[in-house]
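Asks: Please find model08.txt (compact mmCIF, C-alpha atoms) on the next line:
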# COMPACT_ATOMS: atom_id res chain seq x y z
CA MET A 1 -5.43 -23.64 3.97
CA LYS A 2 -3.59 -25.11 1.02
CA SER A 3 -6.39 -24.41 -1.42
CA PHE A 4 -5.92 -20.62 -1.36
CA SER A 5 -3.50 -20.56 -4.25
CA SER A 6 -5.06 -17.47 -5.86
CA LEU A 7 -5.15 -15.76 -2.49
CA ASP A 8 -1.53 -16.63 -1.75
CA SER A 9 -0.49 -15.44 -5.20
CA LEU A 10 -2.34 -12.18 -4.63
CA SER A 11 -0.69 -11.62 -1.24
CA GLU A 12 2.66 -12.36 -2.80
CA ALA A 13 2.01 -10.01 -5.74
CA LEU A 14 0.91 -7.18 -3.46
CA ARG A 15 4.40 -7.17 -1.99
CA CYS A 16 5.62 -5.35 -5.10
CA LEU A 17 4.08 -2.23 -3.53
CA PRO A 18 6.61 -0.15 -1.61
CA GLY A 19 6.47 -0.68 2.15
CA VAL A 20 4.16 -3.69 2.01
CA GLY A 21 5.41 -6.72 3.95
CA PRO A 22 3.89 -10.22 4.19
CA LYS A 23 1.44 -9.33 6.95
CA SER A 24 0.04 -6.17 5.40
CA ALA A 25 -0.04 -7.83 1.98
CA GLN A 26 -2.33 -10.49 3.41
CA ARG A 27 -4.46 -7.90 5.17
CA THR A 28 -4.74 -5.91 1.94
CA ALA A 29 -5.72 -9.02 -0.03
CA PHE A 30 -8.46 -9.84 2.49
CA TYR A 31 -9.62 -6.25 2.49
CA LEU A 32 -9.89 -6.01 -1.28
CA LEU A 33 -11.67 -9.35 -1.64
CA GLN A 34 -14.12 -8.56 1.11
CA HIS A 35 -14.72 -4.84 0.89
CA ASP A 36 -13.60 -3.45 -2.44
CA ARG A 37 -13.83 -5.89 -5.31
CA GLU A 38 -14.79 -3.08 -7.66
CA GLY A 39 -11.76 -1.02 -6.71
CA ALA A 40 -9.53 -4.05 -7.08
CA ALA A 41 -10.90 -4.81 -10.54
CA LEU A 42 -10.33 -1.21 -11.54
CA LEU A 43 -6.81 -1.34 -10.16
CA SER A 44 -6.07 -4.48 -12.13
CA ARG A 45 -7.27 -2.86 -15.35
CA THR A 46 -5.59 0.52 -14.88
CA LEU A 47 -2.31 -1.15 -13.93
CA ALA A 48 -2.32 -3.17 -17.14
CA GLN A 49 -3.30 -0.11 -19.14
CA ALA A 50 -0.67 2.14 -17.57
CA LEU A 51 2.05 -0.45 -18.13
CA GLU A 52 1.08 -0.73 -21.74
CA LYS A 53 0.70 2.97 -22.47
CA ILE A 54 3.18 4.83 -20.31
CA HIS A 55 6.76 5.10 -21.45
CA HIS A 56 9.45 7.77 -21.22
CA CYS A 57 9.33 11.01 -23.17
CA SER A 58 12.01 10.91 -25.84
CA LEU A 59 13.22 14.38 -24.87
CA CYS A 60 12.84 14.86 -21.14
CA ASN A 61 12.57 11.28 -19.92
CA MET A 62 9.38 12.00 -17.96
CA PHE A 63 6.60 9.42 -18.06
CA SER A 64 4.49 10.00 -21.13
CA GLU A 65 1.88 8.22 -23.19
CA HIS A 66 3.29 9.76 -26.33
CA LEU A 67 6.74 9.80 -27.89
CA THR A 68 7.16 13.37 -26.66
CA CYS A 69 5.37 14.65 -23.58
CA GLU A 70 3.09 17.67 -23.44
CA THR A 71 5.56 19.73 -21.43
CA CYS A 72 8.22 19.29 -24.11
CA LEU A 73 5.73 20.06 -26.89
CA ASP A 74 4.41 23.19 -25.16
CA GLY A 75 5.58 26.04 -27.41
CA GLU A 76 5.02 28.62 -24.67
CA ARG A 77 7.73 27.16 -22.47
CA ASP A 78 11.25 28.58 -22.66
CA ALA A 79 13.37 26.04 -24.54
CA SER A 80 16.62 27.71 -23.50
CA VAL A 81 16.39 26.71 -19.83
CA LEU A 82 16.52 23.07 -18.79
CA CYS A 83 15.74 22.02 -15.22
CA VAL A 84 17.22 18.69 -14.15
CA VAL A 85 15.28 16.79 -11.45
CA GLU A 86 15.65 13.35 -9.93
CA THR A 87 12.09 12.10 -10.15
CA PRO A 88 8.71 12.80 -11.78
CA ALA A 89 7.41 13.77 -8.32
CA ASP A 90 10.12 16.45 -8.10
CA GLN A 91 9.04 17.85 -11.45
CA LEU A 92 5.42 18.00 -10.29
CA MET A 93 6.51 19.84 -7.13
CA ILE A 94 8.40 22.46 -9.16
CA GLU A 95 5.43 22.82 -11.52
CA GLN A 96 3.23 23.53 -8.50
CA THR A 97 5.39 26.52 -7.56
CA LEU A 98 4.56 28.18 -10.91
CA THR A 99 8.04 29.74 -10.87
CA PHE A 100 9.54 27.85 -13.75
CA LYS A 101 8.45 27.97 -17.37
CA GLY A 102 11.34 26.19 -19.06
CA ARG A 103 11.85 22.55 -19.98
CA TYR A 104 12.73 19.60 -17.78
CA PHE A 105 14.95 16.59 -17.75
CA VAL A 106 14.09 13.77 -15.37
CA LEU A 107 17.00 11.58 -14.29
CA MET A 108 14.72 8.90 -12.82
CA GLY A 109 17.20 8.44 -10.02
CA ARG A 110 20.46 9.78 -8.62
CA LEU A 111 24.06 8.65 -8.63
CA SER A 112 24.50 6.18 -5.81
CA PRO A 113 27.60 4.02 -6.17
CA LEU A 114 26.73 2.06 -3.02
CA ASP A 115 23.49 0.92 -4.64
CA GLY A 116 25.25 0.28 -7.92
CA ILE A 117 23.61 3.26 -9.65
CA GLY A 118 26.11 4.85 -12.02
CA PRO A 119 25.94 7.49 -14.76
CA LYS A 120 24.37 5.05 -17.23
CA ASP A 121 21.42 4.35 -14.94
CA ILE A 122 20.36 7.99 -14.77
CA TYR A 123 20.40 8.64 -18.51
CA LEU A 124 23.34 11.06 -18.48
CA GLU A 125 24.10 10.48 -22.15
CA LYS A 126 20.55 11.38 -23.01
CA LEU A 127 20.90 14.47 -20.82
CA ILE A 128 24.10 15.55 -22.62
CA ALA A 129 22.42 15.11 -26.00
CA ARG A 130 19.44 17.10 -24.72
CA ALA A 131 21.46 19.91 -23.17
CA THR A 132 23.75 20.33 -26.19
CA ASP A 133 20.95 20.68 -28.72
CA GLY A 134 22.06 24.24 -29.46
CA VAL A 135 18.94 25.81 -27.96
CA VAL A 136 19.50 25.15 -24.27
CA SER A 137 21.74 27.82 -22.77
CA GLU A 138 21.25 27.26 -19.03
CA VAL A 139 20.83 24.07 -17.04
CA ILE A 140 19.32 24.39 -13.57
CA LEU A 141 20.25 21.50 -11.31
CA ALA A 142 17.32 20.72 -9.03
CA THR A 143 18.41 17.38 -7.64
CA ASN A 144 17.78 16.85 -3.94
CA PHE A 145 20.00 18.40 -1.30
CA THR A 146 20.97 15.02 0.05
CA ASN A 147 24.50 13.66 -0.20
CA GLU A 148 23.60 11.67 -3.28
CA GLY A 149 21.64 14.49 -4.88
CA GLU A 150 24.55 16.90 -4.29
CA ALA A 151 27.05 14.42 -5.73
CA THR A 152 24.82 13.95 -8.77
CA ALA A 153 24.52 17.71 -9.23
CA HIS A 154 28.29 18.10 -8.94
CA TYR A 155 28.93 15.34 -11.47
CA ILE A 156 26.45 16.74 -13.99
CA SER A 157 27.70 20.26 -13.40
CA GLU A 158 31.30 19.33 -14.24
CA MET A 159 30.14 17.39 -17.26
CA LEU A 160 28.05 20.21 -18.71
CA LYS A 161 30.39 23.05 -17.86
CA ALA A 162 33.08 21.22 -19.85
CA ARG A 163 30.72 21.53 -22.79
CA GLY A 164 30.43 25.28 -22.37
CA LEU A 165 26.95 25.38 -20.81
CA LYS A 166 25.86 27.71 -18.03
CA VAL A 167 24.95 25.57 -15.03
CA SER A 168 23.11 26.74 -11.91
CA ARG A 169 21.86 25.10 -8.74
CA LEU A 170 18.74 25.81 -6.67
CA ALA A 171 19.58 28.13 -3.77
CA ARG A 172 20.23 26.59 -0.38
CA GLY A 173 19.26 28.40 2.78
CA VAL A 174 16.80 28.75 5.62
CA PRO A 175 13.35 27.44 4.58
CA VAL A 176 10.56 29.99 4.25
CA GLY A 177 8.89 30.25 7.65
CA GLY A 178 11.92 28.65 9.30
CA GLU A 179 13.07 29.77 12.73
CA LEU A 180 16.83 29.88 13.12
CA GLU A 181 16.63 28.16 16.49
CA TYR A 182 15.19 25.05 14.90
CA VAL A 183 17.16 24.99 11.65
CA ASP A 184 20.23 22.75 11.55
CA ALA A 185 23.68 24.29 11.70
CA GLY A 186 24.65 23.06 8.22
CA THR A 187 21.76 24.93 6.64
CA ILE A 188 22.53 28.12 8.55
CA ALA A 189 26.21 27.87 7.62
CA ARG A 190 25.21 27.54 3.98
CA ALA A 191 22.77 30.43 4.23
CA MET A 192 25.55 32.55 5.76
CA LEU A 193 27.99 31.75 2.95
CA ASP A 194 25.37 32.30 0.27
CA ARG A 195 24.01 35.51 1.86
CA ARG A 196 22.80 38.11 -0.58
CA VAL A 197 22.63 41.86 -0.65
CA ALA A 198 19.37 43.00 0.96
CA MET B 1 0.65 17.48 -17.27
CA LYS B 2 -2.78 16.88 -18.75
CA SER B 3 -1.62 14.06 -20.96
CA PHE B 4 -1.01 11.65 -18.08
CA SER B 5 -4.46 10.21 -18.14
CA SER B 6 -3.30 6.62 -17.64
CA LEU B 7 -1.01 7.75 -14.86
CA ASP B 8 -3.74 9.74 -13.14
CA SER B 9 -6.12 6.80 -13.46
CA LEU B 10 -3.52 4.53 -11.93
CA SER B 11 -2.89 6.88 -9.00
CA GLU B 12 -6.63 7.13 -8.48
CA ALA B 13 -7.09 3.35 -8.66
CA LEU B 14 -4.27 2.73 -6.17
CA ARG B 15 -6.32 4.58 -3.58
CA CYS B 16 -8.51 1.50 -3.19
CA LEU B 17 -5.65 0.10 -1.11
CA PRO B 18 -6.18 0.61 2.61
CA GLY B 19 -4.20 3.51 4.03
CA VAL B 20 -3.14 4.92 0.65
CA GLY B 21 -3.87 8.62 0.17
CA PRO B 22 -3.36 10.79 -2.94
CA LYS B 23 0.30 11.49 -2.26
CA SER B 24 1.39 7.94 -1.60
CA ALA B 25 -0.78 6.67 -4.46
CA GLN B 26 1.17 8.91 -6.80
CA ARG B 27 4.47 7.83 -5.30
CA THR B 28 3.47 4.19 -5.67
CA ALA B 29 2.44 4.71 -9.30
CA PHE B 30 5.80 6.34 -10.08
CA TYR B 31 7.63 3.59 -8.22
CA LEU B 32 5.89 0.78 -10.06
CA LEU B 33 6.33 2.36 -13.49
CA GLN B 34 9.96 3.13 -12.90
CA HIS B 35 11.25 0.28 -10.77
CA ASP B 36 8.91 -2.68 -10.84
CA ARG B 37 6.96 -3.06 -14.06
CA GLU B 38 7.19 -6.84 -13.77
CA GLY B 39 5.75 -6.83 -10.27
CA ALA B 40 3.00 -4.47 -11.37
CA ALA B 41 2.08 -6.67 -14.31
CA LEU B 42 1.97 -9.69 -12.01
CA LEU B 43 -0.17 -7.76 -9.54
CA SER B 44 -2.59 -6.81 -12.30
CA ARG B 45 -2.94 -10.44 -13.40
CA THR B 46 -3.23 -11.99 -9.93
CA LEU B 47 -5.78 -9.39 -8.88
CA ALA B 48 -7.99 -10.23 -11.85
CA GLN B 49 -7.51 -13.94 -11.24
CA ALA B 50 -8.25 -13.75 -7.53
CA LEU B 51 -11.38 -11.69 -8.12
CA GLU B 52 -12.59 -14.24 -10.60
CA LYS B 53 -11.76 -17.36 -8.61
CA ILE B 54 -12.15 -16.51 -4.95
CA HIS B 55 -15.59 -16.62 -3.42
CA HIS B 56 -17.01 -17.60 -0.04
CA CYS B 57 -17.15 -21.21 1.16
CA SER B 58 -20.79 -22.30 1.20
CA LEU B 59 -20.40 -23.70 4.71
CA CYS B 60 -17.99 -21.55 6.68
CA ASN B 61 -17.99 -18.34 4.64
CA MET B 62 -14.19 -18.29 4.46
CA PHE B 63 -12.61 -17.28 1.15
CA SER B 64 -12.39 -20.31 -1.09
CA GLU B 65 -11.80 -21.15 -4.71
CA HIS B 66 -14.24 -24.03 -4.44
CA LEU B 67 -17.85 -24.29 -3.36
CA THR B 68 -16.69 -25.75 -0.06
CA CYS B 69 -13.28 -24.93 1.38
CA GLU B 70 -10.62 -27.44 2.34
CA THR B 71 -11.07 -26.87 6.06
CA CYS B 72 -14.76 -27.76 5.83
CA LEU B 73 -14.01 -30.81 3.70
CA ASP B 74 -11.26 -32.09 6.00
CA GLY B 75 -12.72 -35.28 7.48
CA GLU B 76 -10.19 -35.30 10.31
CA ARG B 77 -11.58 -32.12 11.83
CA ASP B 78 -14.20 -32.34 14.56
CA ALA B 79 -17.53 -31.37 12.99
CA SER B 80 -19.21 -31.00 16.38
CA VAL B 81 -17.30 -27.86 17.38
CA LEU B 82 -17.73 -24.63 15.45
CA CYS B 83 -15.46 -21.64 16.07
CA VAL B 84 -16.90 -18.26 15.06
CA VAL B 85 -14.36 -15.60 14.05
CA GLU B 86 -14.68 -12.11 12.62
CA THR B 87 -12.21 -12.29 9.77
CA PRO B 88 -10.16 -14.71 7.67
CA ALA B 89 -7.03 -13.33 9.35
CA ASP B 90 -8.46 -14.33 12.75
CA GLN B 91 -9.02 -17.86 11.49
CA LEU B 92 -5.44 -18.04 10.25
CA MET B 93 -4.20 -16.86 13.67
CA ILE B 94 -6.18 -19.58 15.47
CA GLU B 95 -4.94 -22.18 13.00
CA GLN B 96 -1.39 -21.13 13.79
CA THR B 97 -1.89 -21.98 17.47
CA LEU B 98 -2.60 -25.64 16.54
CA THR B 99 -5.04 -25.79 19.47
CA PHE B 100 -8.25 -26.13 17.52
CA LYS B 101 -9.25 -28.99 15.27
CA GLY B 102 -12.94 -28.21 14.73
CA ARG B 103 -14.71 -26.27 12.03
CA TYR B 104 -14.96 -22.50 11.53
CA PHE B 105 -17.49 -19.89 10.64
CA VAL B 106 -16.20 -16.53 9.42
CA LEU B 107 -18.54 -13.57 9.97
CA MET B 108 -16.55 -11.30 7.63
CA GLY B 109 -17.20 -8.45 10.00
CA ARG B 110 -18.78 -7.58 13.35
CA LEU B 111 -21.96 -5.93 14.46
CA SER B 112 -21.43 -2.20 14.38
CA PRO B 113 -24.65 -0.20 14.33
CA LEU B 114 -22.76 3.08 14.09
CA ASP B 115 -21.25 1.94 10.80
CA GLY B 116 -24.58 0.54 9.65
CA ILE B 117 -23.44 -3.07 10.00
CA GLY B 118 -26.32 -5.17 11.26
CA PRO B 119 -27.05 -8.90 11.63
CA LYS B 120 -27.66 -9.35 7.91
CA ASP B 121 -24.22 -8.01 7.00
CA ILE B 122 -22.40 -10.62 9.05
CA TYR B 123 -24.24 -13.63 7.66
CA LEU B 124 -26.03 -14.54 10.90
CA GLU B 125 -28.74 -16.50 9.09
CA LYS B 126 -26.08 -18.57 7.41
CA LEU B 127 -24.46 -19.08 10.82
CA ILE B 128 -27.74 -20.26 12.36
CA ALA B 129 -28.27 -22.69 9.51
CA ARG B 130 -24.70 -23.92 9.93
CA ALA B 131 -24.87 -24.27 13.72
CA THR B 132 -28.20 -26.06 13.73
CA ASP B 133 -27.19 -28.72 11.23
CA GLY B 134 -27.63 -31.40 13.94
CA VAL B 135 -23.92 -32.21 14.08
CA VAL B 136 -22.58 -29.07 15.74
CA SER B 137 -22.93 -29.29 19.50
CA GLU B 138 -20.68 -26.48 20.72
CA VAL B 139 -20.06 -23.04 19.27
CA ILE B 140 -16.91 -21.24 20.40
CA LEU B 141 -17.16 -17.48 20.00
CA ALA B 142 -13.77 -16.10 19.04
CA THR B 143 -14.73 -12.58 18.00
CA ASN B 144 -12.38 -9.83 19.11
CA PHE B 145 -12.42 -8.51 22.67
CA THR B 146 -13.29 -5.03 21.51
CA ASN B 147 -16.62 -3.41 22.31
CA GLU B 148 -18.02 -4.41 18.94
CA GLY B 149 -16.59 -7.91 19.08
CA GLU B 150 -18.05 -8.43 22.55
CA ALA B 151 -21.44 -7.12 21.45
CA THR B 152 -21.35 -9.44 18.45
CA ALA B 153 -20.45 -12.40 20.67
CA HIS B 154 -23.26 -11.53 23.08
CA TYR B 155 -25.80 -11.25 20.27
CA ILE B 156 -24.77 -14.55 18.67
CA SER B 157 -24.62 -16.23 22.06
CA GLU B 158 -28.22 -15.29 22.91
CA MET B 159 -29.35 -16.33 19.47
CA LEU B 160 -27.74 -19.77 19.58
CA LYS B 161 -28.49 -20.54 23.23
CA ALA B 162 -32.16 -19.97 22.39
CA ARG B 163 -31.76 -22.82 19.92
CA GLY B 164 -30.37 -25.15 22.56
CA LEU B 165 -26.72 -25.02 21.54
CA LYS B 166 -23.78 -24.95 23.93
CA VAL B 167 -21.98 -21.65 23.45
CA SER B 168 -18.55 -20.75 24.84
CA ARG B 169 -16.23 -17.76 24.58
CA LEU B 170 -12.43 -17.58 24.46
CA ALA B 171 -11.00 -16.95 27.95
CA ARG B 172 -10.12 -13.40 28.90
CA GLY B 173 -7.20 -12.70 31.20
CA VAL B 174 -3.61 -11.59 31.55
CA PRO B 175 -1.67 -12.27 28.31
CA VAL B 176 1.03 -14.90 28.41
CA GLY B 177 4.27 -13.14 29.37
CA GLY B 178 2.27 -10.21 30.71
CA GLU B 179 3.44 -8.32 33.79
CA LEU B 180 0.61 -7.19 36.05
CA GLU B 181 2.16 -3.77 36.42
CA TYR B 182 1.72 -3.08 32.74
CA VAL B 183 -1.63 -4.78 32.14
CA ASP B 184 -4.70 -2.56 32.17
CA ALA B 185 -7.05 -2.66 35.12
CA GLY B 186 -9.98 -3.98 33.11
CA THR B 187 -8.02 -7.04 32.06
CA ILE B 188 -6.85 -7.73 35.62
CA ALA B 189 -10.39 -7.29 36.94
CA ARG B 190 -11.60 -9.82 34.38
CA ALA B 191 -8.78 -12.22 35.20
CA MET B 192 -9.67 -11.94 38.88
CA LEU B 193 -13.37 -12.70 38.25
CA ASP B 194 -12.54 -15.59 35.93
CA ARG B 195 -9.79 -16.99 38.17
CA ARG B 196 -9.47 -20.75 38.15
CA VAL B 197 -8.44 -23.40 40.64
CA ALA B 198 -4.66 -23.83 40.47
Here is the file; what I need is its structure written in the form of structure tokens.
Replies:
Amino acid sequence: MKSFSSLDSLSEALRCLPGVGPKSAQRTAFYLLQHDREGAALLSRTLAQALEKIHHCSLCNMFSEHLTCETCLDGERDASVLCVVETPADQLMIEQTLTFKGRYFVLMGRLSPLDGIGPKDIYLEKLIARATDGVVSEVILATNFTNEGEATAHYISEMLKARGLKVSRLARGVPVGGELEYVDAGTIARAMLDRRVA
Amino acid sequence: MKSFSSLDSLSEALRCLPGVGPKSAQRTAFYLLQHDREGAALLSRTLAQALEKIHHCSLCNMFSEHLTCETCLDGERDASVLCVVETPADQLMIEQTLTFKGRYFVLMGRLSPLDGIGPKDIYLEKLIARATDGVVSEVILATNFTNEGEATAHYISEMLKARGLKVSRLARGVPVGGELEYVDAGTIARAMLDRRVA
């Protein structure tokens, strides 16, 4: 079996994909070579192309092929509201709701001291520069409602409030369609505290 | 979001990987661009290299970078016994047992009329040519013990026996370490029929 150096290299390289271990890397390599050489060739090309072309938007940090992304260049979007999200996927989710027409800032991560991720790793200086451009008047924190997301939101909130900005956070509460019986106590407690006039 | 053409192409291309749908393709694309550009670049290169270099061994059909693979060229292996397997992974599994020192033939599939896979798709003519080379005296059928694997074994068996070759099949029975209580009835029935003198 020693002659399979290209095959071994391929199996090894496939392990860069999230959730792919040695066994499934090998299975994937066999699959591609046997059943989808065209797809694999396309993948090889698009990967190289994407790596070459895609960088971060100079304003919002989102992936972009240009210096500034289309969302930031879109004159119809409200430049006075900035929504801070953890990841590009989060931004796409918010876009899908069609409820937000301001600008974004993508942290590309969250504060996580245990993993060694500090303020520098999530571009907080870039965020401060962006939020204090004189146009932005409100920053909406849309980090996840996990421990790390909450800590990140708190940290950013303190940082921006000190600079005189209005900072808000997505509402917490019972999910739409949620039945109280099956919602966790923490969420219900939060929904109770944050109750609003009907 | 329309400017992400490279990103969209990448997400689309990642779907050639088995078990990757639109959502996880996008997640993978984001992950690679953000956290593992080096791994992605390596994957792009090794994919292209593997596609260029790896073909099928002219004798056994296994993936090989050369016209004839190392296993087929290995003079220490018994050329009179040929083990027929469905996939390269099956061959690797048998190699790991260290119980077989003959040659292989890899079908790269199994007969599956419902999926439109007939005798031509699993290289049966190549197998006949290989098995009737005058040196091979026994063919061991090691296809899977699924319905399709069994049908494939039966088909090949009839075909080779008609040409005067000795054909055998891997033993069926209770797995090593298996407790009868938890083994299915079909397996026990088979083990009973194939029982051997102790």
Asks: So that I can check the surroundings of Ile94 (chain B), please list as a PDB file with C-alpha atoms, in the frame of the given file every protein, DNA and RNA residue that reaches within 12 Å of it, counting all atoms listed in the file and ignoring chain neighbours fewer than 5 positions away.
Replies:
ATOM      1  CA  CYS B  83     -15.460 -21.640  16.070  1.00  0.00           C
ATOM      2  CA  VAL B  84     -16.900 -18.260  15.060  1.00  0.00           C
ATOM      3  CA  VAL B  85     -14.360 -15.600  14.050  1.00  0.00           C
ATOM      4  CA  GLU B  86     -14.680 -12.110  12.620  1.00  0.00           C
ATOM      5  CA  THR B  87     -12.210 -12.290   9.770  1.00  0.00           C
ATOM      6  CA  PRO B  88     -10.160 -14.710   7.670  1.00  0.00           C
ATOM      7  CA  ALA B  89      -7.030 -13.330   9.350  1.00  0.00           C
ATOM      8  CA  THR B  99      -5.040 -25.790  19.470  1.00  0.00           C
ATOM      9  CA  PHE B 100      -8.250 -26.130  17.520  1.00  0.00           C
ATOM     10  CA  LYS B 101      -9.250 -28.990  15.270  1.00  0.00           C
ATOM     11  CA  GLY B 102     -12.940 -28.210  14.730  1.00  0.00           C
ATOM     12  CA  ARG B 103     -14.710 -26.270  12.030  1.00  0.00           C
ATOM     13  CA  TYR B 104     -14.960 -22.500  11.530  1.00  0.00           C
ATOM     14  CA  ILE B 140     -16.910 -21.240  20.400  1.00  0.00           C
ATOM     15  CA  ALA B 142     -13.770 -16.100  19.040  1.00  0.00           C
ATOM     16  CA  THR B 143     -14.730 -12.580  18.000  1.00  0.00           C
ATOM     17  CA  LEU B 170     -12.430 -17.580  24.460  1.00  0.00           C
TER      18      LEU B 170
END
Asks: What separation in Å, quoted to one decimal, exists between CA of Leu43 (chain B) and CA of Ala13 (chain A)?
Replies: 4.9 Å
Asks: Compute the chain A side of the contact with chain B at 6 Å, counting all atoms listed in the file, and hand it back as a list in words.
Replies: Ser6, Leu10, Ala13, Cys16, Gly39, Leu43, Ser44, Thr46, Leu47 and Ala50 of chain A
Asks: Just how far from CA of Ala151 (chain B) is CA of Ala185 (chain B), in Å to one decimal?
Replies: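 So the answer is 20.3 Å.
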Asks: Measure the distance from CA of Gly164 (chain B) to CA of Cys60 (chain B) in Å and round it to one decimal.
Replies: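 Atom-to-atom, CA of Gly164 (chain B) and CA of Cys60 (chain B) are spaced 20.5 Å apart.
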Asks: What's around Gly134 (chain B) at 12 Å? Count all atoms listed in the file, leave out sequence neighbours fewer than 6 positions away in its own chain, and write the answer as a list in words.
Replies: Ala79, Ser80, Val81, Ile128, Arg163, Gly164 and Leu165 of chain B
Asks: Would you please work out which residue, of B:Thr187, B:Thr146, B:Gln96, B:Thr152, is nearest to Gly173 (chain B) when using only C-alpha atoms?
Replies: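 Smallest distance to Gly173 (chain B) is found for B:Thr187.
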Asks: Name the residues in contact with Ile188 (chain B) at a cut-off of 8 Å, using all atoms listed in the file, excluding same-chain residues fewer than 5 positions from it; report them as a JSON list (two decimals) with C-alpha atoms, in the frame of the given file.
Replies:
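Contents of around_36.json, as written:
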[["chain", "number", "residue", "atom", "x", "y", "z"],
["B", 173, "GLY", "CA", -7.20, -12.70, 31.20],
["B", 174, "VAL", "CA", -3.61, -11.59, 31.55],
["B", 180, "LEU", "CA", 0.61, -7.19, 36.05],
["B", 183, "VAL", "CA", -1.63, -4.78, 32.14]]
Asks: Find, counting only C-alpha atoms, the residue in A:Asp90, A:Pro175, A:Glu138, A:Leu67 that gets nearest to Ala191 (chain A).
Replies: A:Pro175
